[in-house]
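Printed here is protein31.pdb (PDB, C-alpha atoms):
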```
MODEL        1
ATOM      1  CA  MET A   1       0.000   0.000   0.000
ATOM      2  CA  GLU A   2       1.417   3.360  -1.015
ATOM      3  CA  ARG A   3       2.249   5.650   1.882
ATOM      4  CA  ARG A   4       0.459   8.962   1.805
ATOM      5  CA  PRO A   5       2.556  12.132   1.998
ATOM      6  CA  LEU A   6       2.503  14.440   5.004
ATOM      7  CA  SER A   7       0.624  17.059   2.997
ATOM      8  CA  PHE A   8      -2.363  14.693   2.767
ATOM      9  CA  TYR A   9      -2.747  14.566   6.552
ATOM     10  CA  VAL A  10      -2.214  18.301   6.907
ATOM     11  CA  LEU A  11      -4.911  19.039   4.351
ATOM     12  CA  THR A  12      -7.221  16.439   5.916
ATOM     13  CA  ALA A  13      -6.838  18.080   9.328
ATOM     14  CA  PHE A  14      -7.454  21.500   7.790
ATOM     15  CA  PHE A  15     -10.590  20.237   6.049
ATOM     16  CA  ALA A  16     -11.877  18.658   9.280
ATOM     17  CA  LEU A  17     -11.355  21.952  11.121
ATOM     18  CA  PHE A  18     -13.201  23.756   8.335
ATOM     19  CA  ILE A  19     -16.177  21.382   8.611
ATOM     20  CA  LEU A  20     -16.180  21.819  12.395
ATOM     21  CA  PHE A  21     -16.082  25.607  12.022
ATOM     22  CA  LEU A  22     -18.865  25.483   9.418
ATOM     23  CA  TYR A  23     -21.296  23.200  11.235
ATOM     24  CA  GLY A  24     -20.115  23.481  14.847
ATOM     25  CA  PRO A  25     -22.355  26.444  15.771
ATOM     26  CA  THR A  26     -25.415  24.774  14.213
ATOM     27  CA  ILE A  27     -24.715  21.520  16.047
ATOM     28  CA  THR A  28     -24.196  23.415  19.323
ATOM     29  CA  ILE A  29     -27.526  25.207  18.969
ATOM     30  CA  GLY A  30     -29.210  21.902  18.158
ATOM     31  CA  ILE A  31     -27.804  20.297  21.291
ATOM     32  CA  LEU A  32     -28.715  23.198  23.571
ATOM     33  CA  SER A  33     -32.279  23.261  22.218
ATOM     34  CA  PHE A  34     -32.922  19.870  23.871
ATOM     35  CA  GLN A  35     -32.395  21.129  27.412
ATOM     36  CA  GLY A  36     -34.800  20.625  30.275
ATOM     37  CA  PRO A  37     -37.217  23.285  31.582
ATOM     38  CA  GLY A  38     -34.506  24.852  33.730
ATOM     39  CA  GLY A  39     -31.998  25.116  30.888
ATOM     40  CA  GLY A  40     -30.117  28.275  29.947
ATOM     41  CA  LEU A  41     -28.292  29.603  26.917
ATOM     42  CA  THR A  42     -24.899  28.033  27.678
ATOM     43  CA  PHE A  43     -23.357  24.747  28.722
ATOM     44  CA  PRO A  44     -23.584  22.711  30.894
ATOM     45  CA  MET A  45     -26.998  21.425  29.893
ATOM     46  CA  GLN A  46     -29.751  21.262  32.483
ATOM     47  CA  GLY A  47     -31.405  17.959  31.677
ATOM     48  CA  VAL A  48     -32.568  16.612  28.312
ATOM     49  CA  SER A  49     -36.083  17.046  26.921
ATOM     50  CA  THR A  50     -38.131  18.514  24.116
ATOM     51  CA  TYR A  51     -39.682  21.096  26.452
ATOM     52  CA  TRP A  52     -38.508  24.138  24.458
ATOM     53  CA  PHE A  53     -39.881  22.779  21.209
ATOM     54  CA  HIS A  54     -43.304  22.483  22.849
ATOM     55  CA  ASP A  55     -42.886  25.956  24.322
ATOM     56  CA  LEU A  56     -42.083  27.327  20.880
ATOM     57  CA  PHE A  57     -45.619  26.499  19.716
ATOM     58  CA  GLN A  58     -47.161  28.358  22.653
ATOM     59  CA  GLU A  59     -47.905  32.073  22.636
ATOM     60  CA  GLN A  60     -44.647  33.959  23.126
ATOM     61  CA  ALA A  61     -44.308  37.048  25.266
ATOM     62  CA  VAL A  62     -41.892  38.528  22.731
ATOM     63  CA  GLY A  63     -42.102  38.368  18.949
ATOM     64  CA  ASP A  64     -44.426  36.996  16.291
ATOM     65  CA  ILE A  65     -42.528  33.880  15.268
ATOM     66  CA  TRP A  66     -45.111  32.143  13.113
ATOM     67  CA  GLY A  67     -46.305  35.330  11.469
ATOM     68  CA  ALA A  68     -42.681  36.082  10.543
ATOM     69  CA  PHE A  69     -42.272  32.522   9.247
ATOM     70  CA  ARG A  70     -45.327  32.876   6.990
ATOM     71  CA  ARG A  71     -44.042  36.175   5.643
ATOM     72  CA  SER A  72     -40.598  34.701   4.921
ATOM     73  CA  LEU A  73     -42.190  31.692   3.220
ATOM     74  CA  VAL A  74     -44.423  33.822   0.982
ATOM     75  CA  LEU A  75     -41.607  36.250   0.211
ATOM     76  CA  GLY A  76     -39.261  33.372  -0.581
ATOM     77  CA  LEU A  77     -41.767  31.881  -3.028
ATOM     78  CA  MET A  78     -42.318  35.274  -4.679
ATOM     79  CA  VAL A  79     -38.591  35.818  -5.083
ATOM     80  CA  MET A  80     -38.069  32.245  -6.292
ATOM     81  CA  VAL A  81     -40.672  32.456  -9.069
ATOM     82  CA  THR A  82     -39.523  35.896 -10.208
ATOM     83  CA  THR A  83     -35.870  34.864 -10.196
ATOM     84  CA  VAL A  84     -36.551  31.766 -12.308
ATOM     85  CA  VAL A  85     -38.680  33.618 -14.867
ATOM     86  CA  VAL A  86     -36.334  36.601 -15.248
ATOM     87  CA  ALA A  87     -33.229  34.379 -15.273
ATOM     88  CA  VAL A  88     -34.633  32.248 -18.119
ATOM     89  CA  LEU A  89     -35.708  35.296 -20.129
ATOM     90  CA  GLY A  90     -32.356  36.970 -19.497
ATOM     91  CA  GLY A  91     -30.469  33.830 -20.475
ATOM     92  CA  LEU A  92     -32.427  33.591 -23.731
ATOM     93  CA  ALA A  93     -31.846  37.280 -24.464
ATOM     94  CA  PHE A  94     -28.086  37.056 -23.930
ATOM     95  CA  ARG A  95     -27.716  34.146 -26.341
ATOM     96  CA  LYS A  96     -27.239  36.778 -29.026
ATOM     97  CA  ARG A  97     -25.129  39.899 -28.769
ATOM     98  CA  PHE A  98     -26.969  43.204 -28.761
ATOM     99  CA  ALA A  99     -26.046  46.833 -28.263
ATOM    100  CA  GLY A 100     -25.060  47.481 -24.667
ATOM    101  CA  SER A 101     -25.109  43.821 -23.636
ATOM    102  CA  GLY A 102     -21.653  44.047 -22.038
ATOM    103  CA  ALA A 103     -22.523  47.103 -19.962
ATOM    104  CA  LEU A 104     -25.859  45.562 -18.981
ATOM    105  CA  PHE A 105     -24.105  42.380 -17.844
ATOM    106  CA  TYR A 106     -21.811  44.307 -15.492
ATOM    107  CA  LEU A 107     -24.748  46.334 -14.185
ATOM    108  CA  ILE A 108     -26.546  43.075 -13.378
ATOM    109  CA  ILE A 109     -23.706  41.642 -11.308
ATOM    110  CA  ALA A 110     -22.707  44.975  -9.721
ATOM    111  CA  SER A 111     -25.194  44.526  -6.887
ATOM    112  CA  LEU A 112     -23.254  41.466  -5.717
ATOM    113  CA  VAL A 113     -20.259  43.617  -4.743
ATOM    114  CA  ILE A 114     -22.226  46.494  -3.209
ATOM    115  CA  PRO A 115     -22.629  46.126   0.589
ATOM    116  CA  SER A 116     -26.063  44.682   1.286
ATOM    117  CA  ILE A 117     -26.915  47.257   3.923
ATOM    118  CA  LEU A 118     -26.380  50.031   1.350
ATOM    119  CA  ILE A 119     -28.805  48.308  -1.016
ATOM    120  CA  SER A 120     -31.343  48.117   1.803
ATOM    121  CA  LEU A 121     -30.794  51.783   2.680
ATOM    122  CA  GLY A 122     -31.064  52.868  -0.955
ATOM    123  CA  VAL A 123     -34.300  50.976  -1.625
ATOM    124  CA  GLY A 124     -35.789  52.289   1.626
ATOM    125  CA  LEU A 125     -34.880  55.875   0.712
ATOM    126  CA  ILE A 126     -36.349  55.549  -2.782
ATOM    127  CA  PHE A 127     -39.652  54.286  -1.391
ATOM    128  CA  SER A 128     -39.709  57.067   1.223
ATOM    129  CA  GLN A 129     -38.950  59.774  -1.337
ATOM    130  CA  MET A 130     -41.619  58.468  -3.706
ATOM    131  CA  GLY A 131     -44.165  58.368  -0.916
ATOM    132  CA  TRP A 132     -44.609  54.608  -1.195
ATOM    133  CA  LYS A 133     -45.221  52.436   1.822
ATOM    134  CA  ILE A 134     -42.231  50.393   2.900
ATOM    135  CA  HIS A 135     -43.440  46.798   3.132
ATOM    136  CA  TRP A 136     -41.822  43.366   3.002
ATOM    137  CA  ALA A 137     -43.875  42.402  -0.070
ATOM    138  CA  THR A 138     -42.863  45.483  -2.097
ATOM    139  CA  SER A 139     -39.638  47.178  -1.028
ATOM    140  CA  GLY A 140     -38.389  44.035   0.705
ATOM    141  CA  PHE A 141     -39.217  42.009  -2.387
ATOM    142  CA  GLY A 142     -37.306  44.406  -4.648
ATOM    143  CA  ALA A 143     -34.294  44.549  -2.352
ATOM    144  CA  GLN A 144     -34.019  40.769  -2.238
ATOM    145  CA  LEU A 145     -34.227  40.500  -6.017
ATOM    146  CA  THR A 146     -31.022  42.562  -6.248
ATOM    147  CA  TRP A 147     -29.385  39.623  -4.452
ATOM    148  CA  THR A 148     -31.038  36.616  -6.095
ATOM    149  CA  LEU A 149     -31.356  37.747  -9.718
ATOM    150  CA  PRO A 150     -27.606  38.077 -10.414
ATOM    151  CA  PHE A 151     -27.027  34.519  -9.170
ATOM    152  CA  GLY A 152     -29.904  33.188 -11.251
ATOM    153  CA  LEU A 153     -28.757  35.029 -14.358
ATOM    154  CA  LEU A 154     -25.148  33.889 -13.982
ATOM    155  CA  ILE A 155     -26.333  30.281 -13.763
ATOM    156  CA  MET A 156     -28.514  30.616 -16.854
ATOM    157  CA  PHE A 157     -25.745  32.365 -18.805
ATOM    158  CA  ALA A 158     -23.501  29.385 -18.096
ATOM    159  CA  VAL A 159     -26.255  26.938 -19.083
ATOM    160  CA  PHE A 160     -27.045  28.602 -22.388
ATOM    161  CA  ASN A 161     -23.361  29.052 -23.233
ATOM    162  CA  ARG A 162     -23.115  25.244 -23.284
ATOM    163  CA  PHE A 163     -26.482  24.704 -24.953
ATOM    164  CA  ASP A 164     -26.273  23.101 -28.392
ATOM    165  CA  PRO A 165     -28.604  25.014 -30.781
ATOM    166  CA  SER A 166     -28.711  22.050 -33.165
ATOM    167  CA  TYR A 167     -31.466  20.531 -31.004
ATOM    168  CA  GLU A 168     -33.657  23.560 -31.663
ATOM    169  CA  GLU A 169     -32.833  23.493 -35.349
ATOM    170  CA  ALA A 170     -33.825  19.845 -35.515
ATOM    171  CA  ALA A 171     -37.134  20.599 -33.798
ATOM    172  CA  ARG A 172     -37.890  23.424 -36.232
ATOM    173  CA  ASP A 173     -37.001  21.166 -39.159
ATOM    174  CA  GLN A 174     -39.653  18.754 -37.856
ATOM    175  CA  GLY A 175     -42.229  21.549 -37.949
ATOM    176  CA  ALA A 176     -42.201  22.646 -34.318
ATOM    177  CA  THR A 177     -43.169  26.240 -33.589
ATOM    178  CA  ALA A 178     -40.960  28.524 -31.480
ATOM    179  CA  TRP A 179     -43.132  27.846 -28.426
ATOM    180  CA  GLN A 180     -43.145  24.071 -29.020
ATOM    181  CA  THR A 181     -39.374  24.126 -29.427
ATOM    182  CA  PHE A 182     -38.948  25.949 -26.141
ATOM    183  CA  ARG A 183     -41.492  23.847 -24.270
ATOM    184  CA  HIS A 184     -40.548  20.387 -25.544
ATOM    185  CA  VAL A 185     -36.812  20.794 -26.238
ATOM    186  CA  VAL A 186     -35.223  23.702 -24.398
ATOM    187  CA  LEU A 187     -37.225  23.580 -21.177
ATOM    188  CA  PRO A 188     -36.723  19.847 -20.437
ATOM    189  CA  MET A 189     -32.994  20.176 -21.079
ATOM    190  CA  ILE A 190     -32.521  23.141 -18.754
ATOM    191  CA  ALA A 191     -35.020  21.914 -16.121
ATOM    192  CA  PRO A 192     -32.358  20.694 -13.628
ATOM    193  CA  SER A 193     -30.651  24.087 -13.840
ATOM    194  CA  LEU A 194     -33.978  25.844 -13.306
ATOM    195  CA  ILE A 195     -34.481  23.823 -10.141
ATOM    196  CA  GLY A 196     -31.050  24.983  -9.011
ATOM    197  CA  VAL A 197     -31.967  28.617  -9.728
ATOM    198  CA  ALA A 198     -35.219  28.158  -7.805
ATOM    199  CA  LEU A 199     -33.308  26.711  -4.853
ATOM    200  CA  PHE A 200     -30.887  29.627  -4.890
ATOM    201  CA  GLY A 201     -33.743  32.126  -5.096
ATOM    202  CA  PHE A 202     -35.745  30.645  -2.247
ATOM    203  CA  THR A 203     -32.922  29.949   0.188
ATOM    204  CA  LEU A 204     -31.174  33.277  -0.389
ATOM    205  CA  SER A 205     -34.469  35.061   0.237
ATOM    206  CA  TYR A 206     -35.527  32.925   3.196
ATOM    207  CA  ASP A 207     -32.467  33.742   5.297
ATOM    208  CA  GLU A 208     -31.664  37.230   3.960
ATOM    209  CA  PHE A 209     -31.154  39.792   6.728
ATOM    210  CA  ALA A 210     -29.198  42.851   5.611
ATOM    211  CA  ARG A 211     -31.183  43.684   2.467
ATOM    212  CA  THR A 212     -34.454  43.261   4.353
ATOM    213  CA  LEU A 213     -33.450  45.215   7.456
ATOM    214  CA  LEU A 214     -34.542  48.639   6.195
ATOM    215  CA  THR A 215     -37.094  47.481   3.627
ATOM    216  CA  ALA A 216     -39.417  45.147   5.562
ATOM    217  CA  GLY A 217     -41.507  47.903   7.129
ATOM    218  CA  SER A 218     -43.554  47.204  10.260
ATOM    219  CA  TYR A 219     -43.670  43.433   9.857
ATOM    220  CA  ASN A 220     -40.518  41.374  10.290
ATOM    221  CA  THR A 221     -39.412  38.447   8.230
ATOM    222  CA  LEU A 222     -38.099  35.443  10.155
ATOM    223  CA  PRO A 223     -34.388  36.471  10.157
ATOM    224  CA  LEU A 224     -35.334  39.918  11.465
ATOM    225  CA  GLU A 225     -37.624  38.377  14.084
ATOM    226  CA  ILE A 226     -34.888  36.041  15.300
ATOM    227  CA  PHE A 227     -32.448  38.932  15.510
ATOM    228  CA  GLY A 228     -34.945  40.908  17.560
ATOM    229  CA  MET A 229     -35.488  37.954  19.861
ATOM    230  CA  THR A 230     -31.762  37.650  20.624
ATOM    231  CA  THR A 231     -31.943  40.877  22.617
ATOM    232  CA  ASN A 232     -35.041  39.887  24.615
ATOM    233  CA  VAL A 233     -35.332  36.095  24.854
ATOM    234  CA  THR A 234     -33.066  34.447  27.436
ATOM    235  CA  THR A 235     -34.312  30.841  27.210
ATOM    236  CA  PRO A 236     -33.413  27.956  24.864
ATOM    237  CA  VAL A 237     -36.671  28.540  22.984
ATOM    238  CA  ILE A 238     -34.628  30.619  20.541
ATOM    239  CA  TYR A 239     -32.349  27.611  20.018
ATOM    240  CA  ALA A 240     -35.390  25.430  19.364
ATOM    241  CA  LEU A 241     -36.494  27.944  16.745
ATOM    242  CA  GLY A 242     -33.034  27.887  15.169
ATOM    243  CA  THR A 243     -33.048  24.093  15.060
ATOM    244  CA  LEU A 244     -36.463  23.942  13.392
ATOM    245  CA  THR A 245     -35.589  26.591  10.807
ATOM    246  CA  THR A 246     -32.358  24.736  10.011
ATOM    247  CA  LEU A 247     -34.257  21.473   9.550
ATOM    248  CA  PHE A 248     -36.749  23.307   7.338
ATOM    249  CA  SER A 249     -33.897  24.614   5.181
ATOM    250  CA  PHE A 250     -32.446  21.121   4.805
ATOM    251  CA  LEU A 251     -35.920  19.830   3.937
ATOM    252  CA  ILE A 252     -36.268  22.424   1.187
ATOM    253  CA  ILE A 253     -32.856  21.473  -0.201
ATOM    254  CA  ALA A 254     -33.797  17.778  -0.122
ATOM    255  CA  VAL A 255     -37.064  18.479  -1.980
ATOM    256  CA  PHE A 256     -35.250  20.398  -4.707
ATOM    257  CA  MET A 257     -32.560  17.729  -5.059
ATOM    258  CA  LEU A 258     -35.244  15.041  -5.300
ATOM    259  CA  SER A 259     -36.912  17.133  -7.992
ATOM    260  CA  VAL A 260     -33.665  17.158  -9.981
ATOM    261  CA  VAL A 261     -33.407  13.373  -9.724
ATOM    262  CA  ILE A 262     -37.017  12.929 -10.865
ATOM    263  CA  VAL A 263     -36.562  15.319 -13.793
ATOM    264  CA  ASN A 264     -33.372  13.584 -14.923
ATOM    265  CA  ARG A 265     -34.970  10.145 -14.720
ATOM    266  CA  ARG A 266     -38.065  11.306 -16.565
ATOM    267  CA  ARG A 267     -35.946  12.894 -19.280
ATOM    268  CA  ALA A 268     -33.840   9.754 -19.641
ATOM    269  CA  ARG A 269     -36.964   7.580 -19.842
ATOM    270  CA  HIS A 270     -39.026   9.656 -22.271
ATOM    271  CA  GLY A 271     -36.466  11.744 -24.096
ATOM    272  CA  SER A 272     -37.447  14.806 -26.102
ATOM    273  CA  ASP A 273     -40.879  15.156 -27.650
ATOM    274  CA  ALA A 274     -40.183  18.117 -29.904
ATOM    275  CA  GLY A 275     -42.643  18.699 -32.681
ATOM    276  CA  LYS A 276     -45.636  17.129 -30.982
ATOM    277  CA  GLY A 277     -48.810  19.099 -30.506
ATOM    278  CA  VAL A 278     -49.144  21.449 -27.574
TER     279      VAL A 278
ENDMDL
END
```
Represent the structure contained in this file as structure tokens.
Amino acid sequence: MERRPLSFYVLTAFFALFILFLYGPTITIGILSFQGPGGGLTFPMQGVSTYWFHDLFQEQAVGDIWGAFRRSLVLGLMVMVTTVVVAVLGGLAFRKRFAGSGALFYLIIASLVIPSILISLGVGLIFSQMGWKIHWATSGFGAQLTWTLPFGLLIMFAVFNRFDPSYEEAARDQGATAWQTFRHVVLPMIAPSLIGVALFGFTLSYDEFARTLLTAGSYNTLPLEIFGMTTNVTTPVIYALGTLTTLFSFLIIAVFMLSVVIVNRRRARHGSDAGKGV
């Protein structure tokens, strides 16, 4: 058996430390959320139970946890759908060069390098100056799109750069219309990437804090609500909330990954149906 070099063990140790640094806080919160009724916010644990998870579903003296969760869920779905639609349309548009396409591309990705809090401040100021009501479903929605759209567009640009146009030409040669070609040829082929864009859009929106801070108005999203609770709640109920939201995020990721598997299997089984009737 070949002996591994010292660098292998050094890099393995570094990677293990990275994983511990990445997931250690989440694991710690998960452990502390299972404390007994007399538990606090730090170790050592005071018993083991699911008391704080039950308490989480009771009326809280501070905060509107479930209202904030519903708002984050709705906002995440809004951002997800918009990101997918605009990313696909943008990807299709950029398949051909047009006047100003280079400048427009850099304008699209510029928001990724601008500090998020400045985006939030700018959107909030625009709404205030225009006399519009600052609300999570309007100003908050717009601010979050400045974060999710560039990611979605960059993914679709990469997808369409590798897309072979001969498939579309073959569909048109068989008599397919432009819509049939897109629906039966292009869309099935890019479907896994669209699921990835949707996952990016939803998860980036669901846990976004900085760009929502000054644009959510009177009603908090879940990240803002949790932040507010950190200054008032002194029981492990906040850890129970963190554990449940983390599990929810992993569930969403699992659903999207399962969707990719199903789409790939369906595509492999049925293949393309270009040229058939709508």
**Study point:** Atomic separation - CA of Pro192 (chain A) relative to CA of Ile109 (chain A), Å
**Key:**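 About the pair CA of Ile109 (chain A) and CA of Pro192 (chain A): they are 22.8 Å apart.
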Practice item. For each of A:Ser116, A:Phe127, A:Phe94, A:Ala198, take the minimum atom-to-atom distance to Val159 (chain A), counting only C-alpha atoms, then give the residue where this is smallest. Key: A:Phe94
Practice item. Spell out the residues picked by the PyMOL selection byres ((chain A and resi 260-269) around 9) here, as a PyMOL selection string. Key: chain A and resi 188-189+191-193+195-196+255-259+270-272
Check your understanding: Which residues, protein or nucleic acid, reach to within 6 Å of (-32.9, 38.7, -2.0) in the file's coordinates when using all atoms listed in the file, and can you give that as a PyMOL selection string?
Key -> chain A and resi 144-145+147-148+204-205
Practice item. Enumerate, as a ChimeraX atom specification, the protein, DNA and RNA residues whose atoms approach (-37.6, 27.2, 0.7) to within 12 Å, taking into account only C-alpha atoms and the coordinate frame of the file. Key: /A:69-70,72-81,195-207,245-256
Writing out the chosen residues with C-alpha atoms as a compact mmCIF listing (two decimals), in the frame of the given file:
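Written out: result_32.txt:
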```txt
# COMPACT_ATOMS: atom_id res chain seq x y z
CA PHE A 69 -42.27 32.52 9.25
CA ARG A 70 -45.33 32.88 6.99
CA SER A 72 -40.60 34.70 4.92
CA LEU A 73 -42.19 31.69 3.22
CA VAL A 74 -44.42 33.82 0.98
CA LEU A 75 -41.61 36.25 0.21
CA GLY A 76 -39.26 33.37 -0.58
CA LEU A 77 -41.77 31.88 -3.03
CA MET A 78 -42.32 35.27 -4.68
CA VAL A 79 -38.59 35.82 -5.08
CA MET A 80 -38.07 32.24 -6.29
CA VAL A 81 -40.67 32.46 -9.07
CA ILE A 195 -34.48 23.82 -10.14
CA GLY A 196 -31.05 24.98 -9.01
CA VAL A 197 -31.97 28.62 -9.73
CA ALA A 198 -35.22 28.16 -7.80
CA LEU A 199 -33.31 26.71 -4.85
CA PHE A 200 -30.89 29.63 -4.89
CA GLY A 201 -33.74 32.13 -5.10
CA PHE A 202 -35.74 30.64 -2.25
CA THR A 203 -32.92 29.95 0.19
CA LEU A 204 -31.17 33.28 -0.39
CA SER A 205 -34.47 35.06 0.24
CA TYR A 206 -35.53 32.92 3.20
CA ASP A 207 -32.47 33.74 5.30
CA THR A 245 -35.59 26.59 10.81
CA THR A 246 -32.36 24.74 10.01
CA LEU A 247 -34.26 21.47 9.55
CA PHE A 248 -36.75 23.31 7.34
CA SER A 249 -33.90 24.61 5.18
CA PHE A 250 -32.45 21.12 4.80
CA LEU A 251 -35.92 19.83 3.94
CA ILE A 252 -36.27 22.42 1.19
CA ILE A 253 -32.86 21.47 -0.20
CA ALA A 254 -33.80 17.78 -0.12
CA VAL A 255 -37.06 18.48 -1.98
CA PHE A 256 -35.25 20.40 -4.71
```
**Study point:** Pick from A:Tyr51, A:Phe182, A:Phe209, A:Phe43 nearest to Ala240 (chain A), counting all atoms listed in the file
**Key:**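 Checking each candidate against Ala240 (chain A), we get A:Tyr51 as the closest.
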Check your understanding: From the set A:Ala93, A:Leu112, A:Ala68, A:Ile155, which residue has the shortest atom-to-atom contact distance to Phe227 (chain A), counting all atoms listed in the file?
Key -> A:Ala68
Point to revise | For CA of Leu187 (chain A) and CA of Gly100 (chain A), the interatomic separation in Å (one decimal) | key: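 Going from CA of Leu187 (chain A) over to CA of Gly100 (chain A) covers 27.0 Å.
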Exercise for review: Give me, please, the distance in Å between CA of Val237 (chain A) and CA of Gly140 (chain A), quoted to one decimal.
Suggested key: 27.2 Å
Review point. Pick from A:Pro150, A:His135, A:Thr83, A:Leu22: nearest to Leu104 (chain A), with all atoms listed in the file counted?
Key: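 Using all atoms listed in the file, Leu104 (chain A) sits closest to A:Pro150.
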The centre and edge lengths of an axis-aligned box containing all atoms of region 249-266 of chain A present in the file, extended by 8 Å on each side, are to be given in Å to one decimal, as JSON.
```
{"center_x": -35.3, "center_y": 17.4, "center_z": -5.7, "size_x": 21.6, "size_y": 30.5, "size_z": 37.7}
```
**Study point:** Selection near Arg211 (chain A), 6 Å with only C-alpha atoms, sequence-local residues under 6 positions removed, as a ChimeraX atom specification
**Key:** /A:116-117,120,143
Point to revise | Selected residue of minimal separation from Ile114 (chain A) among A:Gln35, A:Thr146, A:Gln174, A:Thr235, counting only C-alpha atoms | key: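 Among the listed residues, A:Thr146 lies closest to Ile114 (chain A).
Distance check against Tyr219 (chain A) using all atoms listed in the file: of A:Leu56, A:Val10, A:Asp64, A:Pro25, the minimum falls on A:Asp64.
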Exercise for review: Check what the PyMOL selection byres ((chain A and resi 186) around 10) selects in the file above and give those residues as a list in words.
Suggested key: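 Going through the file, the PyMOL selection byres ((chain A and resi 186) around 10) ends up selecting Phe160, Phe163, Asp164, Pro165, Tyr167, Glu168, Trp179, Gln180, Thr181, Phe182, Arg183, His184, Val185, Leu187, Pro188, Met189, Ile190, Ala191, Ser272 and Ala274 of chain A.
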Let's have the selection written as a compact mmCIF listing (two decimals), in the coordinates of the input, with C-alpha atoms.
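As written to disk, selection-v2.txt reads:
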```
# COMPACT_ATOMS: atom_id res chain seq x y z
CA PHE A 160 -27.04 28.60 -22.39
CA PHE A 163 -26.48 24.70 -24.95
CA ASP A 164 -26.27 23.10 -28.39
CA PRO A 165 -28.60 25.01 -30.78
CA TYR A 167 -31.47 20.53 -31.00
CA GLU A 168 -33.66 23.56 -31.66
CA TRP A 179 -43.13 27.85 -28.43
CA GLN A 180 -43.14 24.07 -29.02
CA THR A 181 -39.37 24.13 -29.43
CA PHE A 182 -38.95 25.95 -26.14
CA ARG A 183 -41.49 23.85 -24.27
CA HIS A 184 -40.55 20.39 -25.54
CA VAL A 185 -36.81 20.79 -26.24
CA LEU A 187 -37.22 23.58 -21.18
CA PRO A 188 -36.72 19.85 -20.44
CA MET A 189 -32.99 20.18 -21.08
CA ILE A 190 -32.52 23.14 -18.75
CA ALA A 191 -35.02 21.91 -16.12
CA SER A 272 -37.45 14.81 -26.10
CA ALA A 274 -40.18 18.12 -29.90
```
Practice item. Tell me which protein, DNA and RNA residues are within 8 Å of Leu153 (chain A), counting all atoms listed in the file, leaving out same-chain ones fewer than 5 positions away, and put them as an NGL selection string. Key: :A and (86-88 or 90-91)
